[in-house]
Amino acid sequence: MSLIRDEDAGEIRERLKEMVEPVKLVHFTQELNLEYGREARMLLEDLAQLSDKLSLETCDFILDKEKVAEYGVDKVPATAVRNGQDYGIRFYGIPAGYEFSTLLDAIVSVSRRDSELRPESRDKLAKISQPVHLEVFVTPT
Amino acid sequence: MRLAHRFALESDLIKADCIEATEFPDLAGKYRVYAVPKTVINEGTSIEGALPEEFFLERILQSLEPAADSGAGA
């Protein structure tokens with residue numbers, strides 16, 4: 001069973017053609033987290049099939065302690081979007097509905113290493129001198 | 001949400017989490033998330049709703065200023 005419908009898969013493939021560098025989704029799950037965990041993992045497995053430049057690594061939240069520490073993950077399901085570098089981009093929960101397009105956007109941006117922000121914004125961001133943690137709460141609809 | 005991730009891509013000092021509120025009710029409760037999107041900055045101040053790029057960034061920078069000031073004055 002696939003969580004991505006065939007008619008959507010074509011559209012997603014087209015979007016992922018904008019990718020330049022390979023992107024890896026590092027997904028954290030745990031066996032006990034069945035309610036949302038299984039669905040999130042299936043969705044990401046389906047998604048990773050849709051581009052040669054996209055890969056998926058699945059880690060166990062309990063057993064893979066080093067990875068959990070490396071990515072600073074404190075809850076699951078969690079998904080990091082990275083290329084050769086980790087930019088601190090995370091999704092917690094199932095990236096379904098509206099958030100699925102946010103995930104595609106993150107994948108393409110990371111792949112192109114281009115934030116597409118205004119030059120003024122880039123200047124201001126370059127001047128930040130302390131760590132900033134943004135937690136954006138969303139719902140699927 | 002896209003903006004937060006784009007800020008994280010642009011700055012090494014920024015990390016951005018997209019959190020599905022209904023899957024993490026305890027965390028959503030802790031930050032009093034009654035409407036989305038809601039952005040919590042450094043586990044403290046928050047921004048309600050979606051803002052255009054320049055205003056969103058401005059609000060984030062404003063929330064950082066007190067910490068920077070106290071550091072300079074110490």
# chains A, B, ... in the order shown; residues from 1 in each chain; ligands from 1
call {"tool": "interface_residues", "arguments": {"of": "chain B", "to": "chain A", "cutoff": "8 Å", "atoms": "only C-alpha atoms", "output": "PyMOL selection string"}}
result
chain B and resi 1-2+4-24+28+33+36-43+53-54+57
call {"tool": "select_by_dssp", "arguments": {"residues": "range 18-107 of chain A", "states": "strand (DSSP E)", "output": "ChimeraX atom specification"}}
result
/A:23-29,54-60,78-82,86-92
call {"tool": "select_by_dssp", "arguments": {"residues": "chain A", "states": "alpha helix (DSSP H)", "output": "PyMOL selection string"}}
result
chain A and resi 6-16+34-48+65-71+98-112+119-126
call {"tool": "atom_distance", "arguments": {"atom1": "CA of Leu56 in chain A", "atom2": "CA of Val23 in chain A"}}
result
8.7 Å
call {"tool": "atom_distance", "arguments": {"atom1": "CA of Ile62 in chain A", "atom2": "CA of Gln49 in chain A"}}
result
26.4 Å
call {"tool": "atom_distance", "arguments": {"atom1": "CA of Ala9 in chain A", "atom2": "CA of Lys24 in chain A"}}
result
18.8 Å
call {"tool": "decode", "arguments": {"residues": "range 58-70 of chain A", "atoms": "N, CA and C atoms", "output": "PDB file, in the first residue's frame"}}
result
ATOM      1  N   THR A  58      16.822   5.517   8.221  1.00  0.00           N
ATOM      2  CA  THR A  58      15.924   5.397   9.372  1.00  0.00           C
ATOM      3  C   THR A  58      16.718   4.988  10.603  1.00  0.00           C
ATOM      4  N   CYS A  59      16.527   5.719  11.688  1.00  0.00           N
ATOM      5  CA  CYS A  59      17.234   5.451  12.935  1.00  0.00           C
ATOM      6  C   CYS A  59      16.230   5.118  14.023  1.00  0.00           C
ATOM      7  N   ASP A  60      16.685   4.324  14.977  1.00  0.00           N
ATOM      8  CA  ASP A  60      15.833   3.963  16.103  1.00  0.00           C
ATOM      9  C   ASP A  60      16.095   4.944  17.253  1.00  0.00           C
ATOM     10  N   PHE A  61      15.019   5.538  17.731  1.00  0.00           N
ATOM     11  CA  PHE A  61      15.126   6.581  18.749  1.00  0.00           C
ATOM     12  C   PHE A  61      15.740   6.045  20.041  1.00  0.00           C
ATOM     13  N   ILE A  62      15.522   4.788  20.344  1.00  0.00           N
ATOM     14  CA  ILE A  62      16.044   4.193  21.578  1.00  0.00           C
ATOM     15  C   ILE A  62      17.463   3.640  21.386  1.00  0.00           C
ATOM     16  N   LEU A  63      17.675   2.954  20.266  1.00  0.00           N
ATOM     17  CA  LEU A  63      18.933   2.227  20.085  1.00  0.00           C
ATOM     18  C   LEU A  63      20.061   3.067  19.492  1.00  0.00           C
ATOM     19  N   ASP A  64      19.727   3.963  18.571  1.00  0.00           N
ATOM     20  CA  ASP A  64      20.770   4.745  17.891  1.00  0.00           C
ATOM     21  C   ASP A  64      21.086   6.025  18.666  1.00  0.00           C
ATOM     22  N   LYS A  65      21.644   5.839  19.842  1.00  0.00           N
ATOM     23  CA  LYS A  65      21.853   6.981  20.755  1.00  0.00           C
ATOM     24  C   LYS A  65      22.783   8.046  20.177  1.00  0.00           C
ATOM     25  N   GLU A  66      23.804   7.599  19.445  1.00  0.00           N
ATOM     26  CA  GLU A  66      24.744   8.572  18.891  1.00  0.00           C
ATOM     27  C   GLU A  66      24.068   9.471  17.862  1.00  0.00           C
ATOM     28  N   LYS A  67      23.249   8.860  17.016  1.00  0.00           N
ATOM     29  CA  LYS A  67      22.530   9.642  16.002  1.00  0.00           C
ATOM     30  C   LYS A  67      21.530  10.585  16.665  1.00  0.00           C
ATOM     31  N   VAL A  68      20.853  10.102  17.680  1.00  0.00           N
ATOM     32  CA  VAL A  68      19.876  10.923  18.392  1.00  0.00           C
ATOM     33  C   VAL A  68      20.564  12.160  18.967  1.00  0.00           C
ATOM     34  N   ALA A  69      21.763  11.951  19.541  1.00  0.00           N
ATOM     35  CA  ALA A  69      22.520  13.070  20.109  1.00  0.00           C
ATOM     36  C   ALA A  69      23.026  13.997  19.003  1.00  0.00           C
ATOM     37  N   GLU A  70      23.522  13.388  17.918  1.00  0.00           N
ATOM     38  CA  GLU A  70      24.065  14.177  16.808  1.00  0.00           C
ATOM     39  C   GLU A  70      23.013  15.123  16.232  1.00  0.00           C
TER      40      GLU A  70
END
